[in-house]
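**Student:** To be precise about what I am sending: the file is called structure_38.txt and holds compact mmCIF, C-alpha atoms.
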# COMPACT_ATOMS: atom_id res chain seq x y z
CA MET A 160 72.50 105.73 86.41
CA ALA A 161 69.38 107.10 84.69
CA ALA A 162 69.60 110.82 85.38
CA SER A 163 66.93 113.21 84.23
CA VAL A 164 67.55 116.94 84.33
CA ALA A 165 64.60 119.31 84.26
CA VAL A 166 65.60 122.48 82.45
CA ALA A 167 63.36 125.35 83.44
CA GLY A 168 61.43 126.73 80.45
CA ALA A 169 62.82 124.72 77.53
CA GLN A 170 60.40 122.02 76.39
CA HIS A 171 61.25 119.93 73.34
CA LEU A 172 59.08 117.20 71.87
CA SER A 173 62.07 115.45 70.46
CA SER A 174 65.67 116.37 69.80
CA VAL A 175 68.87 114.87 68.40
CA SER A 176 69.55 113.31 71.76
CA ASP A 177 66.60 110.92 71.26
CA LEU A 178 67.92 109.54 68.00
CA VAL A 179 71.08 107.90 69.34
CA PRO A 180 71.63 106.32 72.74
CA ASP A 181 73.46 108.33 75.36
CA TRP A 182 76.65 106.36 75.19
CA ALA A 183 77.10 106.81 71.45
CA ARG A 184 77.80 110.48 72.02
CA GLN A 185 80.45 109.95 74.65
CA GLU A 186 84.12 109.68 73.98
CA VAL A 187 85.68 106.28 74.46
CA SER A 188 87.68 106.40 77.66
CA THR A 189 89.86 103.95 79.47
CA GLY A 190 88.57 105.18 82.85
CA THR A 191 90.78 102.72 84.52
CA THR A 192 93.19 101.48 87.12
CA ILE A 193 96.81 100.95 86.14
CA MET A 194 99.78 100.17 88.32
CA ALA A 195 103.48 99.37 88.10
CA VAL A 196 106.01 98.28 90.73
CA GLU A 197 109.81 97.96 90.53
CA PHE A 198 111.56 95.00 92.09
CA ASP A 199 115.14 93.83 92.01
CA GLY A 200 115.49 92.37 88.54
CA GLY A 201 112.44 93.77 86.81
CA VAL A 202 108.99 95.28 87.06
CA VAL A 203 105.45 94.05 87.60
CA ILE A 204 102.72 95.96 85.77
CA GLY A 205 98.97 95.58 85.97
CA ALA A 206 95.71 97.01 84.69
CA ASP A 207 91.99 96.35 84.70
CA SER A 208 90.22 95.56 81.43
CA ARG A 209 87.26 97.93 81.11
CA THR A 210 86.81 100.50 78.33
CA THR A 211 83.73 102.70 78.61
CA THR A 212 81.80 105.08 76.40
CA GLY A 213 79.78 106.89 79.02
CA ALA A 214 77.82 104.22 80.85
CA TYR A 215 78.30 101.50 78.21
CA ILE A 216 81.25 99.16 78.53
CA ALA A 217 82.62 99.11 75.01
CA ASN A 218 85.21 96.44 75.76
CA ARG A 219 85.26 94.34 78.93
CA VAL A 220 88.45 92.47 78.11
CA THR A 221 90.69 95.36 77.00
CA ASP A 222 94.44 94.96 77.10
CA LYS A 223 95.80 98.21 78.47
CA LEU A 224 99.34 96.87 78.80
CA THR A 225 100.86 97.82 75.49
CA PRO A 226 104.32 96.65 74.35
CA ILE A 227 106.57 99.45 73.17
CA HIS A 228 109.66 97.30 72.77
CA ASP A 229 110.86 93.84 73.79
CA ARG A 230 111.35 94.75 77.46
CA ILE A 231 109.39 98.02 77.68
CA PHE A 232 105.65 98.32 78.21
CA CYS A 233 103.27 101.16 78.82
CA CYS A 234 100.03 101.19 80.81
CA ARG A 235 97.42 103.48 79.29
CA SER A 236 94.73 105.56 80.99
CA GLY A 237 92.55 108.41 79.77
CA SER A 238 91.21 108.68 76.25
CA ALA A 239 91.56 105.36 74.43
CA ALA A 240 92.12 107.08 71.09
CA ASP A 241 94.77 109.46 72.40
CA THR A 242 96.74 106.78 74.21
CA GLN A 243 96.63 104.36 71.29
CA ALA A 244 97.88 107.07 68.94
CA ILE A 245 100.67 108.11 71.30
CA ALA A 246 101.74 104.54 71.92
CA ASP A 247 101.87 103.80 68.20
CA ALA A 248 103.98 106.88 67.56
CA VAL A 249 106.40 106.11 70.39
CA THR A 250 106.70 102.47 69.32
CA TYR A 251 107.79 103.62 65.88
CA GLN A 252 110.23 106.22 67.20
CA LEU A 253 111.76 103.84 69.73
CA GLY A 254 112.11 101.02 67.20
CA PHE A 255 113.93 103.35 64.84
CA HIS A 256 116.18 104.64 67.66
CA SER A 257 117.01 101.09 68.75
CA ILE A 258 118.07 100.10 65.25
CA GLU A 259 120.25 103.20 64.98
CA LEU A 260 121.92 102.38 68.29
CA ASP A 261 122.11 98.66 67.53
CA GLU A 262 121.20 97.80 71.09
CA PRO A 263 118.02 97.57 73.16
CA PRO A 264 116.66 101.01 74.13
CA LEU A 265 116.62 102.36 77.67
CA VAL A 266 113.33 102.55 79.56
CA ARG A 267 114.17 106.17 80.31
CA THR A 268 114.36 106.90 76.57
CA ALA A 269 110.90 105.45 76.02
CA ALA A 270 109.57 107.46 78.95
CA ASN A 271 111.11 110.62 77.54
CA LEU A 272 109.50 110.04 74.15
CA PHE A 273 106.12 109.74 75.86
CA LYS A 274 106.82 112.87 77.86
CA GLU A 275 107.79 114.89 74.79
CA MET A 276 104.55 114.03 73.06
CA CYS A 277 102.30 114.40 76.10
CA TYR A 278 103.82 117.76 77.05
CA ARG A 279 103.89 119.25 73.56
CA TYR A 280 100.29 118.40 72.86
CA ARG A 281 99.07 118.72 76.43
CA GLU A 282 96.06 120.89 75.52
CA GLU A 283 94.76 118.44 72.96
CA LEU A 284 95.49 115.18 74.72
CA MET A 285 93.89 113.37 77.64
CA ALA A 286 96.40 110.69 78.51
CA GLY A 287 97.95 109.38 81.70
CA ILE A 288 100.65 106.82 81.00
CA ILE A 289 102.92 104.65 83.11
CA VAL A 290 106.06 103.40 81.32
CA ALA A 291 107.79 100.38 82.81
CA GLY A 292 110.42 97.92 81.73
CA TRP A 293 113.87 96.50 82.15
CA ASP A 294 117.19 97.56 80.65
CA LYS A 295 120.78 96.57 81.28
CA ARG A 296 121.88 99.95 82.67
CA ARG A 297 119.36 100.51 85.44
CA GLY A 298 117.41 97.25 85.78
CA GLY A 299 113.68 97.45 86.44
CA GLN A 300 112.28 100.98 86.23
CA VAL A 301 108.87 102.63 86.46
CA TYR A 302 108.28 106.12 85.07
CA THR A 303 104.99 107.96 85.29
CA VAL A 304 103.82 110.51 82.72
CA PRO A 305 100.52 111.88 84.06
CA MET A 306 98.22 114.32 82.27
CA GLY A 307 100.06 117.54 81.58
CA GLY A 308 103.28 115.85 80.62
CA MET A 309 105.40 115.58 83.75
CA LEU A 310 107.96 112.76 83.93
CA VAL A 311 109.12 111.23 87.17
CA ARG A 312 110.57 107.89 88.17
CA GLN A 313 108.86 106.17 91.11
CA PRO A 314 109.37 102.74 92.68
CA VAL A 315 105.61 102.26 92.64
CA SER A 316 103.05 104.16 90.61
CA VAL A 317 99.27 103.97 90.23
CA GLY A 318 97.15 105.79 87.67
CA GLY A 319 93.70 106.15 86.19
CA SER A 320 90.38 106.95 87.79
CA GLY A 321 90.49 103.94 90.08
CA SER A 322 93.88 104.88 91.49
CA SER A 323 92.41 107.47 93.91
CA TYR A 324 90.79 104.69 95.91
CA VAL A 325 93.96 102.71 96.46
CA TYR A 326 96.50 105.40 97.34
CA GLY A 327 96.01 104.58 101.01
CA PHE A 328 96.39 100.84 100.40
CA VAL A 329 99.51 101.28 98.26
CA ASP A 330 101.12 103.73 100.71
CA SER A 331 100.61 101.37 103.62
CA ASN A 332 101.44 98.07 101.92
CA TYR A 333 104.41 98.93 99.72
CA ARG A 334 107.86 98.09 101.03
CA SER A 335 111.07 98.32 99.08
CA GLY A 336 112.86 95.02 98.46
CA MET A 337 109.79 92.90 97.67
CA SER A 338 110.23 89.74 95.63
CA LYS A 339 108.56 89.11 92.27
CA GLU A 340 105.79 87.00 93.83
CA GLU A 341 105.13 89.56 96.56
CA CYS A 342 104.88 92.29 93.93
CA LEU A 343 102.43 90.21 91.90
CA ARG A 344 100.23 89.67 94.95
CA PHE A 345 100.46 93.36 95.89
CA VAL A 346 99.44 94.53 92.40
CA ALA A 347 96.62 91.97 92.14
CA GLU A 348 95.20 93.02 95.48
CA ALA A 349 95.42 96.74 94.74
CA LEU A 350 93.76 96.30 91.34
CA THR A 351 90.98 94.23 92.90
CA LEU A 352 90.27 96.88 95.54
CA ALA A 353 90.20 99.64 92.93
CA MET A 354 87.99 97.66 90.57
CA GLU A 355 85.52 97.09 93.38
CA ARG A 356 85.15 100.79 94.13
CA ASP A 357 85.59 102.49 90.75
CA GLY A 358 82.68 102.18 88.32
CA SER A 359 84.99 102.80 85.38
CA SER A 360 87.33 99.93 86.28
CA GLY A 361 86.48 96.26 86.18
CA GLY A 362 86.57 93.04 84.22
CA VAL A 363 89.70 90.94 84.55
CA ALA A 364 93.03 91.92 86.03
CA ARG A 365 95.89 91.75 83.54
CA LEU A 366 99.39 91.47 84.95
CA ALA A 367 102.80 91.26 83.33
CA VAL A 368 106.30 90.69 84.66
CA ILE A 369 109.23 92.11 82.70
CA THR A 370 112.75 90.89 83.50
CA GLU A 371 116.04 90.36 81.73
CA GLU A 372 114.86 86.87 80.73
CA GLY A 373 111.75 88.15 79.05
CA LEU A 374 108.10 88.73 79.53
CA GLU A 375 105.48 86.79 81.47
CA ARG A 376 101.80 87.70 81.16
CA ARG A 377 99.02 86.63 83.50
CA VAL A 378 95.29 87.13 83.58
CA ILE A 379 93.24 86.88 86.75
CA LEU A 380 89.59 86.33 85.92
CA GLY A 381 86.84 88.09 87.84
CA ASN A 382 85.98 85.14 90.05
CA GLU A 383 89.61 84.41 90.82
CA LEU A 384 90.47 87.85 92.16
CA PRO A 385 91.60 87.96 95.81
CA LYS A 386 88.59 88.31 98.06
CA SER A 387 88.30 91.17 100.52
CA THR A 388 86.79 90.88 103.95
CA ILE A 389 83.56 92.76 103.26
CA MET B 67 69.31 112.20 91.40
CA GLU B 68 72.75 112.24 92.89
CA ARG B 69 74.24 115.66 93.55
CA HIS B 70 77.99 115.60 93.33
CA THR B 71 79.79 118.38 95.10
CA THR B 72 83.47 118.67 95.64
CA ASP B 73 84.72 120.64 98.57
CA SER B 74 86.28 123.24 96.30
CA ARG B 75 82.79 124.39 95.37
CA VAL B 76 81.68 124.91 98.95
CA LYS B 77 81.55 128.61 99.63
CA GLY B 78 83.22 129.91 102.74
CA VAL B 79 85.04 127.71 105.20
CA SER B 80 84.86 124.04 104.36
CA THR B 81 85.92 121.02 106.25
CA GLY B 82 87.62 119.42 103.26
CA THR B 83 88.27 116.51 105.46
CA THR B 84 88.60 112.88 106.35
CA ILE B 85 86.18 111.40 108.84
CA LEU B 86 85.39 107.86 109.84
CA ALA B 87 83.54 105.75 112.36
CA VAL B 88 84.10 102.07 113.12
CA LYS B 89 82.26 99.58 115.31
CA PHE B 90 84.43 97.30 117.42
CA ARG B 91 83.83 94.72 120.13
CA GLY B 92 81.98 96.57 122.87
CA GLY B 93 81.98 100.04 121.43
CA VAL B 94 82.42 102.41 118.57
CA LEU B 95 85.24 104.72 117.53
CA ILE B 96 84.77 107.96 115.64
CA GLY B 97 87.67 109.96 114.25
CA SER B 98 88.68 112.87 112.05
CA ASP B 99 91.54 115.11 110.96
CA SER B 100 91.66 118.73 112.11
CA ARG B 101 91.97 120.98 109.08
CA ALA B 102 89.46 123.63 107.97
CA SER B 103 90.18 125.26 104.63
CA ILE B 104 88.87 128.03 102.41
CA GLY B 105 88.94 127.38 98.68
CA GLY B 106 91.34 124.50 99.03
CA SER B 107 94.41 126.72 99.40
CA TYR B 108 94.14 128.52 102.72
CA VAL B 109 94.00 126.63 105.99
CA ALA B 110 91.53 128.56 108.12
CA SER B 111 92.24 126.45 111.16
CA ARG B 112 94.67 123.63 111.68
CA VAL B 113 93.30 122.33 114.95
CA ILE B 114 89.53 122.32 114.82
CA ASN B 115 87.65 119.49 116.42
CA LYS B 116 85.15 118.04 113.99
CA LEU B 117 83.77 115.57 116.50
CA ILE B 118 80.66 117.17 117.96
CA GLN B 119 79.05 115.70 121.03
CA VAL B 120 75.29 115.69 120.55
CA HIS B 121 74.62 113.68 123.70
CA ASP B 122 76.52 111.82 126.43
CA ARG B 123 77.23 108.76 124.31
CA ILE B 124 76.45 110.05 120.84
CA PHE B 125 78.95 111.94 118.67
CA CYS B 126 78.77 113.10 115.13
CA CYS B 127 81.43 114.29 112.74
CA ILE B 128 80.94 116.74 109.95
CA ALA B 129 82.03 117.11 106.37
CA GLY B 130 81.29 119.88 103.91
CA SER B 131 80.47 123.46 104.73
CA LEU B 132 81.46 124.22 108.31
CA ALA B 133 78.74 126.85 108.73
CA ASP B 134 76.00 124.48 107.58
CA ALA B 135 77.34 121.69 109.75
CA GLN B 136 77.47 123.87 112.84
CA ALA B 137 73.95 125.16 112.27
CA VAL B 138 72.56 121.68 111.76
CA THR B 139 74.34 120.17 114.77
CA ARG B 140 73.13 122.98 117.03
CA ALA B 141 69.55 122.36 115.94
CA ALA B 142 70.02 118.62 116.33
CA LYS B 143 71.54 118.96 119.82
CA PHE B 144 68.55 120.99 120.97
CA GLN B 145 65.99 118.61 119.48
CA LEU B 146 67.77 115.61 120.96
CA SER B 147 68.00 116.98 124.47
CA PHE B 148 64.32 117.93 124.35
CA HIS B 149 63.45 114.46 123.09
CA SER B 150 65.58 112.90 125.79
CA VAL B 151 63.77 114.86 128.52
CA GLN B 152 60.40 113.88 127.07
CA MET B 153 61.32 110.19 126.96
CA ASP B 154 63.07 110.40 130.34
CA SER B 155 65.92 108.29 129.03
CA PRO B 156 69.07 108.78 126.95
CA PRO B 157 68.24 109.06 123.23
CA LEU B 158 68.89 106.22 120.82
CA VAL B 159 71.79 106.66 118.38
CA LYS B 160 69.27 106.09 115.60
CA ALA B 161 67.19 108.96 116.93
CA ALA B 162 70.20 111.27 116.71
CA ALA B 163 70.94 110.12 113.17
CA SER B 164 67.28 110.53 112.20
CA VAL B 165 67.16 114.08 113.50
CA LEU B 166 70.18 114.94 111.36
CA ARG B 167 68.64 113.17 108.39
CA GLU B 168 65.40 115.11 108.70
CA LEU B 169 67.28 118.39 108.78
CA CYS B 170 69.49 117.43 105.81
CA TYR B 171 66.65 116.09 103.70
CA SER B 172 64.20 118.93 104.29
CA ASN B 173 66.84 121.54 103.54
CA LYS B 174 68.74 119.69 100.88
CA GLU B 175 68.71 122.62 98.42
CA GLU B 176 70.39 125.01 100.83
CA LEU B 177 72.71 122.74 102.77
CA GLN B 178 76.04 121.23 101.83
CA ALA B 179 76.94 119.05 104.75
CA GLY B 180 77.16 115.33 105.41
CA PHE B 181 77.42 113.59 108.78
CA ILE B 182 78.59 110.41 110.38
CA THR B 183 76.85 109.60 113.66
CA ALA B 184 78.22 107.06 116.07
CA GLY B 185 77.40 106.14 119.61
CA TRP B 186 76.24 103.65 122.16
CA ASP B 187 72.77 103.06 123.53
CA LYS B 188 71.23 100.41 125.74
CA LYS B 189 68.87 99.07 123.07
CA LYS B 190 71.29 98.19 120.26
CA GLY B 191 74.73 98.81 121.72
CA PRO B 192 77.39 100.39 119.49
CA GLN B 193 76.12 101.75 116.16
CA VAL B 194 77.39 103.75 113.20
CA TYR B 195 75.11 105.73 110.87
CA THR B 196 75.91 107.87 107.88
CA VAL B 197 73.76 110.74 106.61
CA SER B 198 74.78 111.74 103.10
CA LEU B 199 74.55 115.15 101.39
CA GLY B 200 70.98 114.69 100.13
CA GLY B 201 69.67 113.17 103.34
CA MET B 202 70.04 109.39 102.95
CA LEU B 203 70.45 107.49 106.22
CA LEU B 204 72.36 104.21 106.34
CA SER B 205 73.45 101.97 109.16
CA LEU B 206 76.85 100.36 108.59
CA PRO B 207 79.56 98.49 110.50
CA PHE B 208 81.99 101.22 109.53
CA THR B 209 81.97 104.23 107.27
CA ILE B 210 84.36 106.82 105.89
CA GLY B 211 83.57 110.29 104.58
CA GLY B 212 84.92 113.61 103.43
CA SER B 213 87.22 114.47 100.55
CA GLY B 214 90.12 112.45 101.93
CA SER B 215 88.07 109.28 102.17
CA THR B 216 88.47 108.61 98.42
CA TYR B 217 92.11 107.70 98.97
CA ILE B 218 91.49 105.13 101.68
CA TYR B 219 88.61 103.09 100.24
CA GLY B 220 91.10 100.44 99.13
CA TYR B 221 92.86 100.46 102.50
CA VAL B 222 89.73 100.12 104.63
CA ASP B 223 88.21 97.51 102.30
CA ALA B 224 91.36 95.43 102.70
CA LYS B 225 92.01 95.97 106.41
CA TYR B 226 88.61 96.10 108.07
CA LYS B 227 87.49 93.06 109.99
CA ALA B 228 84.34 92.66 112.04
CA ASP B 229 84.59 92.43 115.82
CA MET B 230 88.02 94.03 116.32
CA SER B 231 89.39 94.76 119.75
CA ARG B 232 89.70 98.36 120.98
CA GLU B 233 93.45 98.50 120.27
CA GLU B 234 93.13 96.97 116.80
CA CYS B 235 90.39 99.46 116.01
CA LEU B 236 92.47 102.41 117.21
CA GLN B 237 95.37 101.29 115.04
CA PHE B 238 93.08 100.78 112.02
CA ALA B 239 91.49 104.23 112.36
CA THR B 240 94.79 106.01 113.03
CA ASN B 241 96.44 104.42 109.99
CA ALA B 242 93.47 105.13 107.75
CA LEU B 243 93.31 108.79 108.78
CA ALA B 244 97.07 109.24 108.48
CA LEU B 245 97.08 107.74 104.97
CA ALA B 246 94.24 110.00 103.85
CA MET B 247 95.88 113.06 105.38
CA GLY B 248 99.04 112.19 103.51
CA ARG B 249 97.34 112.25 100.14
CA ASP B 250 94.53 114.81 100.47
CA ASN B 251 95.71 118.41 100.59
CA VAL B 252 92.58 119.62 102.38
CA SER B 253 92.93 117.09 105.21
CA GLY B 254 95.69 117.36 107.77
CA GLY B 255 96.80 118.56 111.15
CA ILE B 256 96.23 116.23 114.07
CA ILE B 257 93.98 113.22 114.58
CA HIS B 258 90.98 113.43 116.90
CA LEU B 259 89.48 110.18 118.09
CA VAL B 260 86.59 109.47 120.45
CA VAL B 261 86.00 105.97 121.81
CA ILE B 262 82.41 105.45 122.97
CA THR B 263 81.41 102.49 125.09
CA GLU B 264 78.85 101.72 127.77
CA GLU B 265 81.20 103.33 130.29
CA GLY B 266 81.31 106.65 128.51
CA ALA B 267 83.23 108.63 125.89
CA GLU B 268 87.02 109.03 125.82
CA HIS B 269 88.70 111.67 123.65
CA ILE B 270 92.14 110.81 122.26
CA VAL B 271 94.35 113.24 120.34
CA ILE B 272 97.29 112.15 118.21
CA PRO B 273 99.56 115.11 117.44
CA GLY B 274 101.19 115.59 114.03
CA ASP B 275 104.60 114.27 114.97
CA LYS B 276 103.18 111.05 116.42
CA LEU B 277 101.24 110.10 113.29
CA PRO B 278 102.20 106.74 111.76
CA LYS B 279 104.71 107.08 108.93
CA PHE B 280 104.67 105.13 105.69
CA HIS B 281 107.24 104.06 103.17
CA ASP B 282 107.82 107.39 101.46
CA GLN B 283 108.29 109.47 104.62
Could you rewrite the structure in this file as structure tokens?
**Tutor:**
Amino acid sequence: MAASVAVAGAQHLSSVSDLVPDWARQEVSTGTTIMAVEFDGGVVIGADSRTTTGAYIANRVTDKLTPIHDRIFCCRSGSAADTQAIADAVTYQLGFHSIELDEPPLVRTAANLFKEMCYRYREELMAGIIVAGWDKRRGGQVYTVPMGGMLVRQPVSVGGSGSSYVYGFVDSNYRSGMSKEECLRFVAEALTLAMERDGSSGGVARLAVITEEGLERRVILGNELPKSTI
Amino acid sequence: MERHTTDSRVKGVSTGTTILAVKFRGGVLIGSDSRASIGGSYVASRVINKLIQVHDRIFCCIAGSLADAQAVTRAAKFQLSFHSVQMDSPPLVKAAASVLRELCYSNKEELQAGFITAGWDKKKGPQVYTVSLGGMLLSLPFTIGGSGSTYIYGYVDAKYKADMSREECLQFATNALALAMGRDNVSGGIIHLVVITEEGAEHIVIPGDKLPKFHDQ
């Protein structure tokens, strides 16, 4: 969008804003769509792959599904810098905790570590994170830590700028007791719909399935996304 | 240049709202919620009807500032009835939409209201038009509007099909409105629907306890 604003009175021949392009002055943001769904035996997580600085797409094949531990992932939305820093810190803390315990960490522990950081530094940070994974105690779990630092467990959670557009779709299409394949289809379709409507989401759809057995990652390229009727 | 306004910046009573209109086989359906709010935290009215009849088979629904919308629709109703008398025939749906567009475009600095116009006429049959905040006019097979519409873009993109039957269309619109009302705090109340065909216009009301429920309710 080329927007020009006429400011009454002030006329400049040239200013700092002419020396660098518009997007170089914007913060890098993962304006995004992220999603996670619990099923019996694990979780399915998904995200788009667009990172923007203003109107410029800095990375069109971003991986927003970040491993925190063997069976715990987080989906990042908001400021790319903030979420990368938080994820790195939590990965370190969780790894240390897991070694102390001598067993795999709980998803709830990882979620709590995210919450502690996001709540303590809530004024400085711009991060919306979904934590999802599998552990032996509670099976597949999804926890959402939105901006501000709340923590709540939900069977299905969407986040990022594109999530607004698919609340209706998710509310109407989610049922408890879906199988792994149904969850994959559900997440792929929701991501596609969000990517079509949100300018800050796009690229490829990255999906991952986390179960007791391990991790399975999938990528759905732009031309392979499920087609909608319009 | 696109002007972005959220309902919370509308002064006075606002129809923070969800509105939609959908063409189906043989007619058109227009629907809305029923909440009017001030500042996003006080519900000024929980049962207003946002579907305004501007002529026998032409309805429009309003989003944005209620005062602006009422003023514009009153002016449009008058102009349309005058035009209809001059032409000695019912006005075209496009004429109704154009009248609203003219008013919105010429007064774009002062007004904060958007409209969806839907109706039936003999020339083109069922039609849906949207007039945006700045005065753009578009003809579409279906359209959604208001603050609550953000939450159902995914749903309507997935579920809409061309040439639905009347019952399918009623179910589609009811579900879409109920989903939006469930997520948007400035939309709510009951659902108003008007089905417009060659035969005439039929007003359907779906009270709060008969709204479709979804998995978390």
**Student:** Would you kindly report the residues of chain B within 8 Å of chain A, using only C-alpha atoms, as a list in words?
**Tutor:** Met67, Thr216, Tyr217, Ile218, Tyr219, Gly220, Tyr221, Val222, Asp223, Ala224, Lys225, Tyr226, Lys227, Ala242, Leu245, Ala246, Arg249, Phe280, His281 and Asp282 of chain B
**Student:** Could you list, as a ChimeraX atom specification, every residue within 9 Å of segment 361-375 of chain A, counting all atoms listed in the file and ignoring same-chain residues fewer than 3 positions away?
**Tutor:** /A:191-192,200-210,219-224,229-232,291-295,298-299,339,343,346-347,350-351,353-355,357-358,378-382,384
**Student:** Record the distance separating atom CA of Lys188 of chain B and atom CA of Ala267 of chain B, expressed in Å with one decimal.
**Tutor:**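 It comes out at 14.5 Å.
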**Student:** For atom CA of Asn241 of chain B and atom CA of Asp199 of chain A, quote the distance in Å rounded to one decimal.
**Tutor:** 28.0 Å
**Student:** Would you kindly return, as a list in words, each protein, DNA or RNA residue with an atom no farther than 8 Å from any atom of Pro273 of chain B, considering only C-alpha atoms and excluding same-chain residues fewer than 2 positions away?
**Tutor:** Gly255, Ile256, Ile257, Val271, Asp275, Lys276 and Leu277 of chain B
**Student:** As a VMD selection string, please: the residues near His121 of chain B (cut-off 12 Å, all atoms listed in the file, same-chain neighbours under 2 positions excluded).
**Tutor:** chain B and resid 117 to 119 123 to 126 139 to 140 142 to 151 155 to 159 161 to 163 183 to 187 262 266 to 267
**Student:** Please identify all polymer residues within 9 Å of segment 248-254 of chain A, counting all atoms listed in the file, omitting same-chain residues fewer than 2 positions from it, and present them as a PyMOL selection string.
**Tutor:** chain A and resi 226-228+243-246+256-259+264+268-269+272-273+276
**Student:** Let me make sure I understand: among B:Ser198, B:Thr83, B:Lys89, B:Leu243, which one has the smallest atom-to-atom distance to Ile114 of chain B if we use only C-alpha atoms?
**Tutor:**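 Answer, going by the shortest atom-to-atom distance: B:Thr83.
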**Student:** So how many Å separate atom CA of Cys277 of chain A and atom CA of Met309 of chain A, to one decimal?
**Tutor:**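 Atom CA of Cys277 of chain A sits 8.3 Å away from atom CA of Met309 of chain A.
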**Student:** Could you list, as a PDB file with C-alpha atoms, in the coordinates of the input, every residue within 9 Å of Gly93 of chain B, counting only C-alpha atoms and ignoring same-chain residues fewer than 2 positions away?
**Tutor:**
ATOM      1  CA  VAL B  88      84.100 102.070 113.120  1.00  0.00           C
ATOM      2  CA  LYS B  89      82.260  99.580 115.310  1.00  0.00           C
ATOM      3  CA  PHE B  90      84.430  97.300 117.420  1.00  0.00           C
ATOM      4  CA  ARG B  91      83.830  94.720 120.130  1.00  0.00           C
ATOM      5  CA  LEU B  95      85.240 104.720 117.530  1.00  0.00           C
ATOM      6  CA  GLY B 185      77.400 106.140 119.610  1.00  0.00           C
ATOM      7  CA  TRP B 186      76.240 103.650 122.160  1.00  0.00           C
ATOM      8  CA  GLY B 191      74.730  98.810 121.720  1.00  0.00           C
ATOM      9  CA  PRO B 192      77.390 100.390 119.490  1.00  0.00           C
ATOM     10  CA  GLN B 193      76.120 101.750 116.160  1.00  0.00           C
ATOM     11  CA  ARG B 232      89.700  98.360 120.980  1.00  0.00           C
ATOM     12  CA  VAL B 261      86.000 105.970 121.810  1.00  0.00           C
ATOM     13  CA  ILE B 262      82.410 105.450 122.970  1.00  0.00           C
ATOM     14  CA  THR B 263      81.410 102.490 125.090  1.00  0.00           C
ATOM     15  CA  GLU B 264      78.850 101.720 127.770  1.00  0.00           C
TER      16      GLU B 264
END
